[in-house]
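Undergrad: Input run-v9.txt, format and content: compact mmCIF, C-alpha atoms.
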# COMPACT_ATOMS: atom_id res chain seq x y z
CA MET Y 5 13.44 8.75 -39.40
CA SER Y 6 10.20 9.06 -37.45
CA GLU Y 7 10.07 12.13 -35.20
CA ILE Y 8 6.57 13.04 -34.05
CA ILE Y 9 5.64 16.51 -32.79
CA LEU Y 10 2.27 17.22 -31.18
CA GLN Y 11 1.45 20.92 -30.84
CA ASN Y 12 -1.40 22.38 -28.78
CA ILE Y 13 -3.62 19.31 -29.12
CA ASP Y 14 -7.13 19.58 -27.68
CA LYS Y 15 -9.55 16.68 -27.76
CA PHE Y 16 -13.15 16.81 -26.56
CA TYR Y 17 -15.76 14.08 -26.22
CA GLY Y 18 -18.88 16.22 -25.91
CA LYS Y 19 -18.16 18.53 -22.98
CA ASN Y 20 -15.43 16.26 -21.64
CA HIS Y 21 -12.04 17.90 -22.27
CA VAL Y 22 -9.85 14.80 -22.59
CA LEU Y 23 -6.60 16.33 -23.91
CA LYS Y 24 -5.74 19.86 -22.82
CA ASP Y 25 -3.27 21.85 -24.94
CA LEU Y 26 -0.97 18.84 -25.26
CA ASN Y 27 2.58 19.48 -26.48
CA LEU Y 28 4.90 16.50 -26.87
CA THR Y 29 7.92 15.66 -29.04
CA ILE Y 30 8.86 12.02 -29.63
CA LYS Y 31 12.28 11.72 -31.22
CA ASP Y 32 13.33 9.17 -33.80
CA GLY Y 33 14.13 5.80 -32.24
CA GLU Y 34 12.71 6.62 -28.80
CA PHE Y 35 10.67 4.23 -26.70
CA MET Y 36 8.17 6.72 -25.32
CA THR Y 37 5.75 5.43 -22.72
CA LEU Y 38 2.53 7.33 -22.05
CA LEU Y 39 1.87 6.64 -18.37
CA GLY Y 40 -0.95 7.49 -16.04
CA PRO Y 41 -4.14 6.26 -14.34
CA SER Y 42 -7.26 5.25 -16.26
CA GLY Y 43 -9.02 8.17 -17.94
CA CYS Y 44 -5.99 10.48 -18.00
CA GLY Y 45 -5.81 10.76 -21.82
CA LYS Y 46 -2.92 8.46 -22.71
CA THR Y 47 -4.89 6.11 -25.02
CA THR Y 48 -6.65 9.07 -26.63
CA THR Y 49 -3.22 10.53 -27.42
CA LEU Y 50 -2.23 7.27 -29.09
CA ARG Y 51 -5.43 7.23 -31.14
CA VAL Y 52 -4.91 10.85 -32.22
CA VAL Y 53 -1.38 10.02 -33.41
CA SER Y 54 -2.64 6.93 -35.25
CA GLY Y 55 -5.47 8.80 -36.99
CA LEU Y 56 -8.27 6.87 -35.29
CA GLU Y 57 -9.37 10.08 -33.54
CA LYS Y 58 -9.42 13.68 -34.79
CA PRO Y 59 -8.47 16.46 -32.36
CA GLN Y 60 -10.49 19.69 -32.31
CA ASN Y 61 -7.38 21.87 -32.03
CA GLY Y 62 -3.70 21.56 -32.78
CA LYS Y 63 -1.19 20.19 -35.26
CA ILE Y 64 0.86 17.00 -35.58
CA TYR Y 65 4.04 16.64 -37.60
CA MET Y 66 5.80 13.43 -38.60
CA ASP Y 67 9.32 13.74 -40.04
CA GLY Y 68 8.66 17.44 -40.62
CA LYS Y 69 5.51 16.71 -42.64
CA GLU Y 70 2.18 18.00 -41.36
CA ILE Y 71 -0.25 15.11 -40.87
CA VAL Y 72 -2.82 16.94 -38.74
CA ASN Y 73 -3.99 20.55 -38.90
CA ALA Y 74 -7.26 20.81 -37.01
CA ALA Y 75 -7.81 24.49 -37.91
CA GLU Y 76 -7.80 23.58 -41.61
CA ALA Y 77 -9.63 20.27 -41.03
CA TYR Y 78 -6.70 18.35 -42.51
CA PHE Y 79 -6.18 14.84 -41.13
CA ALA Y 80 -3.92 12.46 -43.04
CA PRO Y 81 -5.52 8.98 -43.09
CA PRO Y 82 -3.87 6.25 -40.98
CA SER Y 83 -2.68 4.49 -44.15
CA GLN Y 84 -0.42 7.46 -44.93
CA ARG Y 85 1.27 7.60 -41.52
CA ASN Y 86 3.53 4.53 -41.87
CA LEU Y 87 2.62 3.09 -38.49
CA ASN Y 88 1.10 -0.02 -36.97
CA LEU Y 89 -1.00 -0.38 -33.85
CA VAL Y 90 -1.20 -3.27 -31.35
CA PHE Y 91 -4.25 -3.22 -29.09
CA GLN Y 92 -4.91 -4.71 -25.66
CA SER Y 93 -6.96 -7.43 -27.37
CA TYR Y 94 -4.96 -9.58 -29.77
CA ALA Y 95 -7.52 -9.23 -32.63
CA LEU Y 96 -6.28 -12.34 -34.44
CA TRP Y 97 -8.42 -14.02 -37.08
CA PRO Y 98 -9.31 -17.44 -35.60
CA HIS Y 99 -9.82 -19.09 -39.01
CA MET Y 100 -6.30 -18.16 -40.18
CA THR Y 101 -3.00 -19.77 -39.24
CA VAL Y 102 -0.31 -17.76 -37.50
CA PHE Y 103 1.49 -17.36 -40.83
CA ASP Y 104 -1.64 -16.07 -42.56
CA ASN Y 105 -2.47 -13.68 -39.72
CA VAL Y 106 0.97 -12.11 -39.96
CA ALA Y 107 0.96 -12.11 -43.78
CA PHE Y 108 -2.48 -10.53 -44.14
CA GLY Y 109 -1.32 -6.92 -44.46
CA LEU Y 110 1.43 -7.82 -46.92
CA ARG Y 111 -1.07 -9.60 -49.14
CA ILE Y 112 -3.31 -6.52 -49.09
CA ARG Y 113 -0.26 -4.57 -50.32
CA LYS Y 114 0.10 -7.20 -53.07
CA GLU Y 115 3.66 -8.15 -52.17
CA SER Y 116 5.14 -11.13 -54.01
CA THR Y 117 4.75 -14.60 -52.54
CA ASP Y 118 8.51 -14.99 -52.01
CA LYS Y 119 8.80 -11.61 -50.28
CA ILE Y 120 5.86 -12.43 -48.02
CA LYS Y 121 7.45 -15.74 -46.99
CA THR Y 122 10.74 -14.02 -46.20
CA MET Y 123 9.22 -11.12 -44.27
CA VAL Y 124 6.80 -13.27 -42.26
CA ALA Y 125 9.52 -15.78 -41.38
CA SER Y 126 11.74 -12.91 -40.18
CA ALA Y 127 8.97 -11.40 -38.02
CA LEU Y 128 8.07 -14.78 -36.49
CA GLU Y 129 11.69 -15.58 -35.68
CA ARG Y 130 12.20 -12.13 -34.17
CA MET Y 131 9.29 -12.85 -31.81
CA GLN Y 132 10.57 -16.44 -31.28
CA ILE Y 133 7.41 -18.12 -32.57
CA GLY Y 134 8.61 -19.50 -35.91
CA GLU Y 135 7.65 -23.05 -34.87
CA TYR Y 136 3.98 -22.00 -34.54
CA ALA Y 137 3.55 -20.72 -38.11
CA LYS Y 138 1.03 -23.44 -39.06
CA ARG Y 139 -1.00 -23.30 -35.85
CA TYR Y 140 -4.28 -21.48 -35.31
CA PRO Y 141 -4.76 -18.81 -32.58
CA THR Y 142 -6.95 -21.15 -30.50
CA GLU Y 143 -3.97 -23.52 -30.23
CA LEU Y 144 -1.77 -20.85 -28.66
CA SER Y 145 -1.36 -19.49 -25.15
CA GLY Y 146 -2.11 -15.86 -24.37
CA GLY Y 147 1.57 -14.94 -24.48
CA GLN Y 148 2.02 -16.67 -27.83
CA GLN Y 149 -1.02 -14.89 -29.25
CA GLN Y 150 0.40 -11.57 -28.10
CA ARG Y 151 3.67 -12.37 -29.90
CA VAL Y 152 1.69 -13.07 -33.08
CA ALA Y 153 -0.08 -9.71 -32.77
CA ILE Y 154 3.26 -7.92 -32.41
CA ALA Y 155 4.79 -9.93 -35.28
CA ARG Y 156 1.88 -8.84 -37.49
CA ALA Y 157 2.55 -5.22 -36.50
CA ILE Y 158 6.30 -5.30 -37.23
CA VAL Y 159 6.29 -7.47 -40.37
CA SER Y 160 5.85 -4.44 -42.64
CA GLU Y 161 8.74 -2.66 -40.88
CA PRO Y 162 6.79 0.45 -39.86
CA ARG Y 163 8.72 3.51 -38.78
CA LEU Y 164 6.34 3.94 -35.85
CA LEU Y 165 4.87 1.21 -33.62
CA LEU Y 166 1.98 2.05 -31.28
CA LEU Y 167 1.26 -0.35 -28.41
CA ASP Y 168 -1.89 0.15 -26.32
CA GLU Y 169 -1.61 -1.79 -23.02
CA PRO Y 170 -0.55 -4.93 -24.92
CA LEU Y 171 0.42 -6.92 -21.80
CA SER Y 172 -2.53 -6.24 -19.51
CA ASN Y 173 -4.26 -9.55 -20.34
CA LEU Y 174 -1.21 -11.65 -19.44
CA ASP Y 175 -0.31 -13.16 -16.09
CA ALA Y 176 2.56 -11.74 -14.05
CA LYS Y 177 5.32 -14.05 -15.31
CA LEU Y 178 4.31 -13.65 -18.96
CA ARG Y 179 4.24 -9.86 -18.56
CA VAL Y 180 7.85 -9.92 -17.36
CA ASP Y 181 8.87 -12.16 -20.27
CA MET Y 182 7.11 -9.97 -22.82
CA ARG Y 183 8.64 -6.78 -21.42
CA SER Y 184 12.02 -8.31 -22.18
CA GLU Y 185 10.94 -9.30 -25.71
CA ILE Y 186 9.55 -5.85 -26.54
CA LYS Y 187 12.64 -4.13 -25.18
CA ARG Y 188 14.85 -6.44 -27.24
CA LEU Y 189 12.69 -5.77 -30.31
CA HIS Y 190 13.19 -2.02 -29.87
CA HIS Y 191 16.94 -2.48 -29.51
CA GLU Y 192 17.19 -4.65 -32.62
CA THR Y 193 14.94 -2.64 -34.94
CA GLY Y 194 15.44 0.93 -33.76
CA THR Y 195 11.73 1.54 -34.48
CA THR Y 196 10.14 4.49 -32.74
CA ILE Y 197 7.69 3.06 -30.19
CA ILE Y 198 4.84 4.78 -28.35
CA TYR Y 199 3.63 2.54 -25.53
CA VAL Y 200 0.55 3.11 -23.37
CA THR Y 201 0.32 1.65 -19.87
CA HIS Y 202 -0.92 2.39 -16.36
CA ASP Y 203 1.79 0.10 -14.94
CA GLN Y 204 4.70 2.23 -13.78
CA VAL Y 205 6.98 -0.83 -13.46
CA GLU Y 206 6.53 -1.47 -17.20
CA ALA Y 207 7.28 2.18 -17.91
CA LEU Y 208 10.42 2.28 -15.76
CA THR Y 209 11.89 -0.97 -17.09
CA MET Y 210 11.20 -0.56 -20.82
CA SER Y 211 11.23 3.10 -21.81
CA THR Y 212 13.88 5.52 -22.94
CA LYS Y 213 11.50 8.32 -21.94
CA ILE Y 214 8.21 8.54 -20.01
CA ALA Y 215 5.39 11.06 -20.43
CA LEU Y 216 3.30 11.12 -17.25
CA PHE Y 217 -0.32 12.24 -17.65
CA ARG Y 218 -2.85 13.62 -15.20
CA LYS Y 219 -6.41 14.53 -16.24
CA GLY Y 220 -5.52 15.21 -19.86
CA GLU Y 221 -2.37 17.19 -19.14
CA LEU Y 222 1.30 16.30 -19.19
CA VAL Y 223 2.87 16.46 -15.75
CA GLN Y 224 6.46 15.51 -16.57
CA VAL Y 225 8.40 14.11 -19.53
CA ALA Y 226 11.78 12.61 -18.67
CA PRO Y 227 13.97 9.47 -18.84
CA PRO Y 228 12.90 6.80 -16.32
CA LEU Y 229 15.67 7.36 -13.75
CA GLU Y 230 15.21 11.12 -13.80
CA LEU Y 231 11.49 10.69 -13.26
CA TYR Y 232 12.16 8.28 -10.39
CA ASN Y 233 14.97 10.21 -8.69
CA ASN Y 234 13.71 13.75 -9.23
CA PRO Y 235 9.93 13.84 -9.70
CA CYS Y 236 8.84 17.42 -10.44
CA ASN Y 237 6.03 17.37 -7.87
CA LEU Y 238 4.25 15.27 -5.26
CA TYR Y 239 1.91 13.69 -7.84
CA THR Y 240 4.81 12.28 -9.86
CA ALA Y 241 6.68 11.19 -6.74
CA ASP Y 242 3.64 9.34 -5.41
CA PHE Y 243 2.77 7.70 -8.76
CA ILE Y 244 6.26 6.45 -9.59
CA GLY Y 245 7.88 3.70 -7.53
CA ASN Y 246 6.89 0.38 -5.99
CA PRO Y 247 6.80 0.32 -3.01
CA SER Y 248 5.70 3.94 -2.83
CA ILE Y 249 7.91 6.79 -1.71
CA ASN Y 250 7.79 7.84 1.95
CA PHE Y 251 6.43 11.34 2.59
CA VAL Y 252 7.41 13.00 5.86
CA LYS Y 253 6.04 16.36 7.02
CA SER Y 254 8.83 18.85 7.71
CA THR Y 255 9.73 22.53 7.91
CA ALA Y 256 12.55 24.38 6.20
CA ALA Y 257 14.52 27.56 6.76
CA VAL Y 258 15.88 28.94 3.49
CA ASP Y 259 18.59 31.54 2.93
CA VAL Y 260 21.00 32.55 0.18
CA GLY Y 261 23.34 29.66 0.99
CA GLY Y 262 20.82 26.84 1.02
CA MET Y 263 18.18 25.22 3.20
CA THR Y 264 17.91 23.50 6.58
CA VAL Y 265 15.08 20.97 6.96
CA ASP Y 266 13.73 19.69 10.28
CA SER Y 267 11.67 16.47 10.34
CA PRO Y 268 11.19 13.31 12.45
CA LEU Y 269 14.25 11.99 10.59
CA GLY Y 270 16.39 14.75 12.09
CA GLN Y 271 17.86 17.98 10.81
CA MET Y 272 19.40 18.10 7.35
CA SER Y 273 21.20 20.92 5.55
CA PHE Y 274 21.37 21.33 1.78
CA ASP Y 275 23.45 23.60 -0.46
CA ARG Y 276 21.77 26.04 -2.83
CA LYS Y 277 23.36 24.21 -5.80
CA ASP Y 278 21.18 21.17 -5.04
CA MET Y 279 17.97 23.20 -4.98
CA THR Y 280 15.59 23.69 -7.91
CA PRO Y 281 14.50 27.00 -9.49
CA ASP Y 282 11.16 26.59 -7.68
CA ALA Y 283 12.85 26.87 -4.27
CA PRO Y 284 12.27 30.18 -2.44
CA GLN Y 285 15.18 32.55 -1.93
CA SER Y 286 14.58 32.98 1.79
CA GLY Y 287 12.15 32.46 4.65
CA LYS Y 288 10.51 29.59 6.51
CA ILE Y 289 8.15 27.21 4.73
CA ASP Y 290 6.31 23.95 5.30
CA THR Y 291 7.89 21.14 3.34
CA ILE Y 292 7.50 17.45 2.65
CA LEU Y 293 10.50 15.17 2.68
CA GLY Y 294 10.43 12.40 0.07
CA VAL Y 295 12.54 9.31 0.78
CA ARG Y 296 12.47 6.13 -1.31
CA PRO Y 297 12.22 2.89 0.75
CA GLU Y 298 15.56 1.61 -0.56
CA GLN Y 299 17.27 4.84 0.53
CA LEU Y 300 16.55 4.04 4.17
CA THR Y 301 18.71 1.55 6.06
CA ILE Y 302 17.75 -0.25 9.24
CA SER Y 303 19.71 -1.55 12.22
CA ARG Y 304 18.89 -3.13 15.55
CA THR Y 305 21.62 -1.11 17.26
CA PRO Y 306 22.39 2.61 16.97
CA ASP Y 307 25.59 3.80 15.32
CA ASP Y 308 26.88 6.82 13.39
CA GLN Y 309 24.78 5.88 10.35
CA HIS Y 310 21.64 4.82 12.25
CA ARG Y 311 20.49 7.47 14.71
CA VAL Y 312 16.72 7.75 14.17
CA GLU Y 313 14.87 5.59 16.68
CA GLY Y 314 11.67 3.84 15.60
CA HIS Y 315 9.50 0.83 16.31
CA VAL Y 316 8.55 -1.89 13.85
CA TYR Y 317 4.91 -1.65 12.80
CA SER Y 318 5.08 -4.71 10.53
CA GLY Y 319 7.68 -6.78 8.70
CA MET Y 320 7.02 -8.43 5.35
CA PRO Y 321 9.76 -10.84 4.19
CA ALA Y 322 9.43 -11.69 0.48
CA GLY Y 323 12.42 -13.91 -0.17
CA SER Y 324 14.77 -11.64 -2.09
CA GLU Y 325 13.79 -8.58 -0.05
CA THR Y 326 12.06 -7.54 3.15
CA LEU Y 327 9.72 -4.58 3.51
CA VAL Y 328 9.60 -3.17 7.03
CA ASN Y 329 7.11 -0.55 8.16
CA VAL Y 330 8.63 1.50 10.96
CA ARG Y 331 6.83 4.07 13.10
CA VAL Y 332 8.90 7.18 13.79
CA GLY Y 333 6.87 9.65 15.82
CA GLU Y 334 3.58 10.03 13.93
CA ALA Y 335 5.05 8.87 10.63
CA VAL Y 336 5.10 5.28 9.37
CA LEU Y 337 7.99 4.71 6.97
CA THR Y 338 8.61 1.79 4.61
CA VAL Y 339 12.15 0.41 4.50
CA LYS Y 340 13.27 -1.93 1.73
CA GLU Y 341 16.05 -4.29 2.77
CA LEU Y 342 17.72 -6.88 0.54
CA GLY Y 343 17.40 -10.47 1.71
CA SER Y 344 14.94 -12.09 4.07
CA THR Y 345 14.98 -10.78 7.65
CA HIS Y 346 12.42 -11.21 10.40
CA TYR Y 347 11.46 -8.23 12.56
CA ALA Y 348 9.11 -8.58 15.52
CA GLY Y 349 6.17 -6.24 16.02
CA ASP Y 350 7.07 -3.18 18.16
CA GLU Y 351 10.76 -4.12 18.04
CA LYS Y 352 13.02 -1.09 18.55
CA VAL Y 353 15.14 -0.30 15.49
CA TYR Y 354 17.26 2.56 14.18
CA LEU Y 355 17.04 4.13 10.74
CA GLY Y 356 19.65 5.87 8.65
CA LEU Y 357 19.69 7.66 5.32
CA ARG Y 358 21.96 9.74 3.11
CA PRO Y 359 20.44 13.23 3.12
CA GLU Y 360 21.65 14.00 -0.40
CA LYS Y 361 19.39 11.23 -1.75
CA ALA Y 362 16.23 12.76 -0.28
CA ASN Y 363 13.80 14.97 -2.21
CA VAL Y 364 12.23 18.04 -0.63
CA PHE Y 365 8.90 19.43 -1.83
CA ASP Y 366 7.18 22.71 -1.03
CA ALA Y 367 4.05 21.64 0.88
CA LYS Y 368 1.98 24.52 -0.57
CA SER Y 369 2.94 24.41 -4.26
CA GLU Y 370 3.74 20.64 -4.13
CA LYS Y 371 6.75 21.33 -6.41
CA LEU Y 372 10.21 19.78 -6.01
CA ILE Y 373 12.62 22.25 -4.41
CA LYS Y 374 15.63 19.98 -3.67
CA PHE Y 375 17.11 17.40 -6.02
CA CYS Y 376 18.20 13.86 -5.20
CA VAL Y 377 21.93 13.94 -6.05
Can you give me the file's structure in the form of structure tokens?
TA:
Amino acid sequence: MSEIILQNIDKFYGKNHVLKDLNLTIKDGEFMTLLGPSGCGKTTTLRVVSGLEKPQNGKIYMDGKEIVNAAEAYFAPPSQRNLNLVFQSYALWPHMTVFDNVAFGLRIRKESTDKIKTMVASALERMQIGEYAKRYPTELSGGQQQRVAIARAIVSEPRLLLLDEPLSNLDAKLRVDMRSEIKRLHHETGTTIIYVTHDQVEALTMSTKIALFRKGELVQVAPPLELYNNPCNLYTADFIGNPSINFVKSTAAVDVGGMTVDSPLGQMSFDRKDMTPDAPQSGKIDTILGVRPEQLTISRTPDDQHRVEGHVYSGMPAGSETLVNVRVGEAVLTVKELGSTHYAGDEKVYLGLRPEKANVFDAKSEKLIKFCV
């Protein structure tokens, strides 16, 4: 078991308030990704959990045991937290073989020679680098070095594995390969993982839950699909998704039965059951319609499903998919279409969408007021 609870964590660097009353629960066996732009506090959170940083306020519990109590100046040392940390840099000892790098911590613990051989061999095979055991780090590629760093972290079978942007130094293809390996590792071991990244594609594809940060505060904590389909506000909606969500200015009339939204995409009506608690009970408000590029469909001829007229601003075929920017009134919308299709500049096209898949946000509060269902 390795449940971690952070309560009311504050962290300052001088006058810089880096973590602001942070509350987060990471359940046993979760793959929790801390996501956000540079400087938002995600790495600091990881370092506070690991014991490399001491918060000025708050408590942290691991498996029900208090490991941090800032008010009483109690901070359990990292060695007592049963965790391992993998940094962005591989931090391998160049004068040691792969085997010796991975075995180093076990030797410090004075494990027997036979046990070390067994545990190191298991970790290397799990990361599919058993054949490199006798090589030195300088003889390995970047991806292979990263696998060694992860093997060294998992060889002692920690209950908690902390990964701080471990793939950022790899090229695009290697990053995809390593995402698959780390996800498989989590599935096989059941280890609780806290993963830091600014790459929302990594977060969406690997995590069981994502904690999105903004300027030291948590914005939303949710499973990847929930975060993608129903972002709690405009910040989350804009940060999550590639290509980015389309935002369309609109107005809404709200009554006890639901809401009617008028926008360049036409008029849409929504039932009250699909609206969030932040939606007003009545009145007229300015809203913003949020539509993911893959939720829009495009046609060269109008029909019952394609009624919104637009003109192609640019088309970008990319082999497996085509991104088309379409101007509708003053708005320019991105459409994601499977396959490779050529559209000419200024070509007349017609767009369609399923209204139930759209999000609606209150333009003033920026909060979600209508779910994607």
Undergrad: Hey, which bits of segment 101-178 of chain Y sit within 12 Å of segment 35-50 of chain Y, and for each residue what's the closest pair of atoms and how far apart in Å (one decimal), counting only C-alpha atoms, rows by chain and increasing number, as a tab-separated table?
TA:
residue	atom	partner	partner_atom	distance
Y:Leu164	CA	Y:Phe35	CA	10.1
Y:Leu165	CA	Y:Phe35	CA	9.5
Y:Leu166	CA	Y:Leu50	CA	7.1
Y:Leu167	CA	Y:Leu50	CA	8.4
Y:Asp168	CA	Y:Thr47	CA	6.8
Y:Glu169	CA	Y:Thr47	CA	8.8
Y:Pro170	CA	Y:Thr47	CA	11.9
Undergrad: From the set Y:Val205, Y:Leu372, Y:Thr193, Y:Lys31, which residue has the shortest atom-to-atom contact distance to Ala176 of chain Y, counting all atoms listed in the file?
TA: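 Checking each of Y:Val205, Y:Leu372, Y:Thr193, Y:Lys31 against Ala176 of chain Y, counting all atoms listed in the file, the winner is Y:Val205.
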Undergrad: Find the spatial neighbours of His21 of chain Y, counting only C-alpha atoms, within a cut-off of 10 Å - ignore same-chain residues fewer than 5 positions away - and output them as a list in words.
TA: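 Answer for this query is Asp14, Lys15, Phe16, Gly45, Lys219 and Gly220 of chain Y.
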Undergrad: Work out how far atom CA of Ala257 of chain Y is from atom CA of Ser286 of chain Y, in Å to one decimal.
TA: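 Interatomic distance here is 7.4 Å.
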Undergrad: Find the residues near Gln224 of chain Y: any atom within 8 Å, counting only C-alpha atoms, skip ones fewer than 3 places away on the same chain, and give them as a list in words.
TA: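 So the residues in contact are Ile214, Ala215, Leu216, Phe217, Leu231, Pro235, Cys236 and Thr240 of chain Y.
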Undergrad: Around all of segment 266-281 of chain Y's listed atoms, make the axis-aligned box with 3 Å on each side and tell me centre and edge lengths in Å to one decimal, as JSON.
TA:
{"center_x": 17.3, "center_y": 19.5, "center_z": 1.5, "size_x": 18.3, "size_y": 21.0, "size_z": 27.9}
Undergrad: Which residue is closest to Lys368 of chain Y? Choose from Y:Val316, Y:Ala283, Y:Ile30, Y:Val353 and count all atoms listed in the file.
TA: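 Comparing Y:Val316, Y:Ala283, Y:Ile30, Y:Val353 against Lys368 of chain Y, the winner is Y:Ala283.
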Undergrad: Tell me which protein, DNA and RNA residues are within 12 Å of Leu229 of chain Y, counting all atoms listed in the file, leaving out same-chain ones fewer than 6 positions away, and put them as a PyMOL selection string.
TA: chain Y and resi 205+207-214+235+244-245+376-377
Undergrad: Using all atoms listed in the file for the distances, tell me which of Y:Val252, Y:Ala107, Y:Leu300, Y:Met279 is nearest to Glu334 of chain Y.
TA: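 Answer, going by the shortest atom-to-atom distance: Y:Val252.
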Undergrad: Of the candidates Y:Ile71, Y:Ile64, Y:Ala241, Y:Val152, which shows the shortest atom-to-atom distance to Phe103 of chain Y, using all atoms listed in the file?
TA: Y:Val152
Undergrad: Atom CA of Phe274 of chain Y and atom CA of Arg296 of chain Y are how many Å apart?
TA: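 These two atoms are separated by 17.9 Å.
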Undergrad: Any idea what the distance is between atom CA of Lys69 of chain Y and atom CA of Val52 of chain Y?
TA: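 Separation between atom CA of Lys69 of chain Y and atom CA of Val52 of chain Y: 15.9 Å.
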Undergrad: Would you kindly return, as a ChimeraX atom specification, each protein, DNA or RNA residue with an atom no farther than 12 Å from any atom of Met320 of chain Y, considering all atoms listed in the file and excluding same-chain residues fewer than 4 positions away?
TA: /Y:316,324-330,338-349
Undergrad: Nearest to Asn363 of chain Y: which of Y:Met272, Y:Ala95, Y:Leu10, Y:Val53 is it, counting all atoms listed in the file?
TA: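 Under the stated criterion, the closest residue is Y:Met272.
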Undergrad: Restricting the calculation to all atoms listed in the file: of Y:Asp32, Y:Ala226, Y:Pro81, Y:Glu206, which residue gets closest to Arg163 of chain Y?
TA: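 Between Y:Asp32, Y:Ala226, Y:Pro81, Y:Glu206, the residue approaching Arg163 of chain Y most closely is Y:Asp32.
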Undergrad: List the neighbours of Ile9 of chain Y out to 6 Å using all atoms listed in the file; skip same-chain residues closer than 4 positions along the sequence, and give me the result as a ChimeraX atom specification.
TA: /Y:28-29,64-65
Undergrad: Counting only C-alpha atoms, write as a VMD selection string all protein and nucleic acid residues lying at most 7 Å from (13.5, -0.3, 12.9) in the file's frame.
TA: chain Y and resid 302 to 304 314 to 316 330 351 to 355
Undergrad: Could you give me, as a tab-separated table (two decimals) with C-alpha atoms, in the frame of the given file, the residues that sit within 12 Å of (14.0, 23.0, -3.2) in the file's coordinates, counting only C-alpha atoms?
TA:
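Everything below was put into result.tsv:
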chain	number	residue	atom	x	y	z
Y	234	ASN	CA	13.71	13.75	-9.23
Y	235	PRO	CA	9.93	13.84	-9.70
Y	236	CYS	CA	8.84	17.42	-10.44
Y	237	ASN	CA	6.03	17.37	-7.87
Y	255	THR	CA	9.73	22.53	7.91
Y	256	ALA	CA	12.55	24.38	6.20
Y	257	ALA	CA	14.52	27.56	6.76
Y	258	VAL	CA	15.88	28.94	3.49
Y	259	ASP	CA	18.59	31.54	2.93
Y	262	GLY	CA	20.82	26.84	1.02
Y	263	MET	CA	18.18	25.22	3.20
Y	264	THR	CA	17.91	23.50	6.58
Y	265	VAL	CA	15.08	20.97	6.96
Y	273	SER	CA	21.20	20.92	5.55
Y	274	PHE	CA	21.37	21.33	1.78
Y	275	ASP	CA	23.45	23.60	-0.46
Y	276	ARG	CA	21.77	26.04	-2.83
Y	277	LYS	CA	23.36	24.21	-5.80
Y	278	ASP	CA	21.18	21.17	-5.04
Y	279	MET	CA	17.97	23.20	-4.98
Y	280	THR	CA	15.59	23.69	-7.91
Y	281	PRO	CA	14.50	27.00	-9.49
Y	282	ASP	CA	11.16	26.59	-7.68
Y	283	ALA	CA	12.85	26.87	-4.27
Y	284	PRO	CA	12.27	30.18	-2.44
Y	285	GLN	CA	15.18	32.55	-1.93
Y	286	SER	CA	14.58	32.98	1.79
Y	289	ILE	CA	8.15	27.21	4.73
Y	290	ASP	CA	6.31	23.95	5.30
Y	291	THR	CA	7.89	21.14	3.34
Y	292	ILE	CA	7.50	17.45	2.65
Y	293	LEU	CA	10.50	15.17	2.68
Y	294	GLY	CA	10.43	12.40	0.07
Y	362	ALA	CA	16.23	12.76	-0.28
Y	363	ASN	CA	13.80	14.97	-2.21
Y	364	VAL	CA	12.23	18.04	-0.63
Y	365	PHE	CA	8.90	19.43	-1.83
Y	366	ASP	CA	7.18	22.71	-1.03
Y	367	ALA	CA	4.05	21.64	0.88
Y	369	SER	CA	2.94	24.41	-4.26
Y	370	GLU	CA	3.74	20.64	-4.13
Y	371	LYS	CA	6.75	21.33	-6.41
Y	372	LEU	CA	10.21	19.78	-6.01
Y	373	ILE	CA	12.62	22.25	-4.41
Y	374	LYS	CA	15.63	19.98	-3.67
Y	375	PHE	CA	17.11	17.40	-6.02
Y	376	CYS	CA	18.20	13.86	-5.20
Undergrad: Is it possible to add N, CA and C atoms to segment 205-213 of chain Y and hand it back as a CSV table (one decimal), keeping the file's coordinate frame?
TA:
chain,number,residue,atom,x,y,z
Y,205,VAL,N,5.8,0.1,-13.4
Y,205,VAL,CA,7.0,-0.8,-13.5
Y,205,VAL,C,7.3,-1.1,-14.9
Y,206,GLU,N,6.3,-1.3,-15.8
Y,206,GLU,CA,6.5,-1.5,-17.2
Y,206,GLU,C,7.2,-0.2,-17.8
Y,207,ALA,N,6.7,0.9,-17.4
Y,207,ALA,CA,7.3,2.2,-17.9
Y,207,ALA,C,8.7,2.3,-17.5
Y,208,LEU,N,9.1,2.1,-16.2
Y,208,LEU,CA,10.4,2.3,-15.8
Y,208,LEU,C,11.4,1.3,-16.4
Y,209,THR,N,11.0,0.1,-16.6
Y,209,THR,CA,11.9,-1.0,-17.1
Y,209,THR,C,12.1,-1.0,-18.6
Y,210,MET,N,11.1,-0.4,-19.4
Y,210,MET,CA,11.2,-0.6,-20.8
Y,210,MET,C,11.6,0.7,-21.6
Y,211,SER,N,11.2,1.9,-21.0
Y,211,SER,CA,11.2,3.1,-21.8
Y,211,SER,C,12.6,3.8,-21.9
Y,212,THR,N,12.8,4.6,-22.9
Y,212,THR,CA,13.9,5.5,-22.9
Y,212,THR,C,13.4,6.9,-22.4
Y,213,LYS,N,12.1,7.1,-22.5
Y,213,LYS,CA,11.5,8.3,-21.9
Y,213,LYS,C,10.1,8.0,-21.6
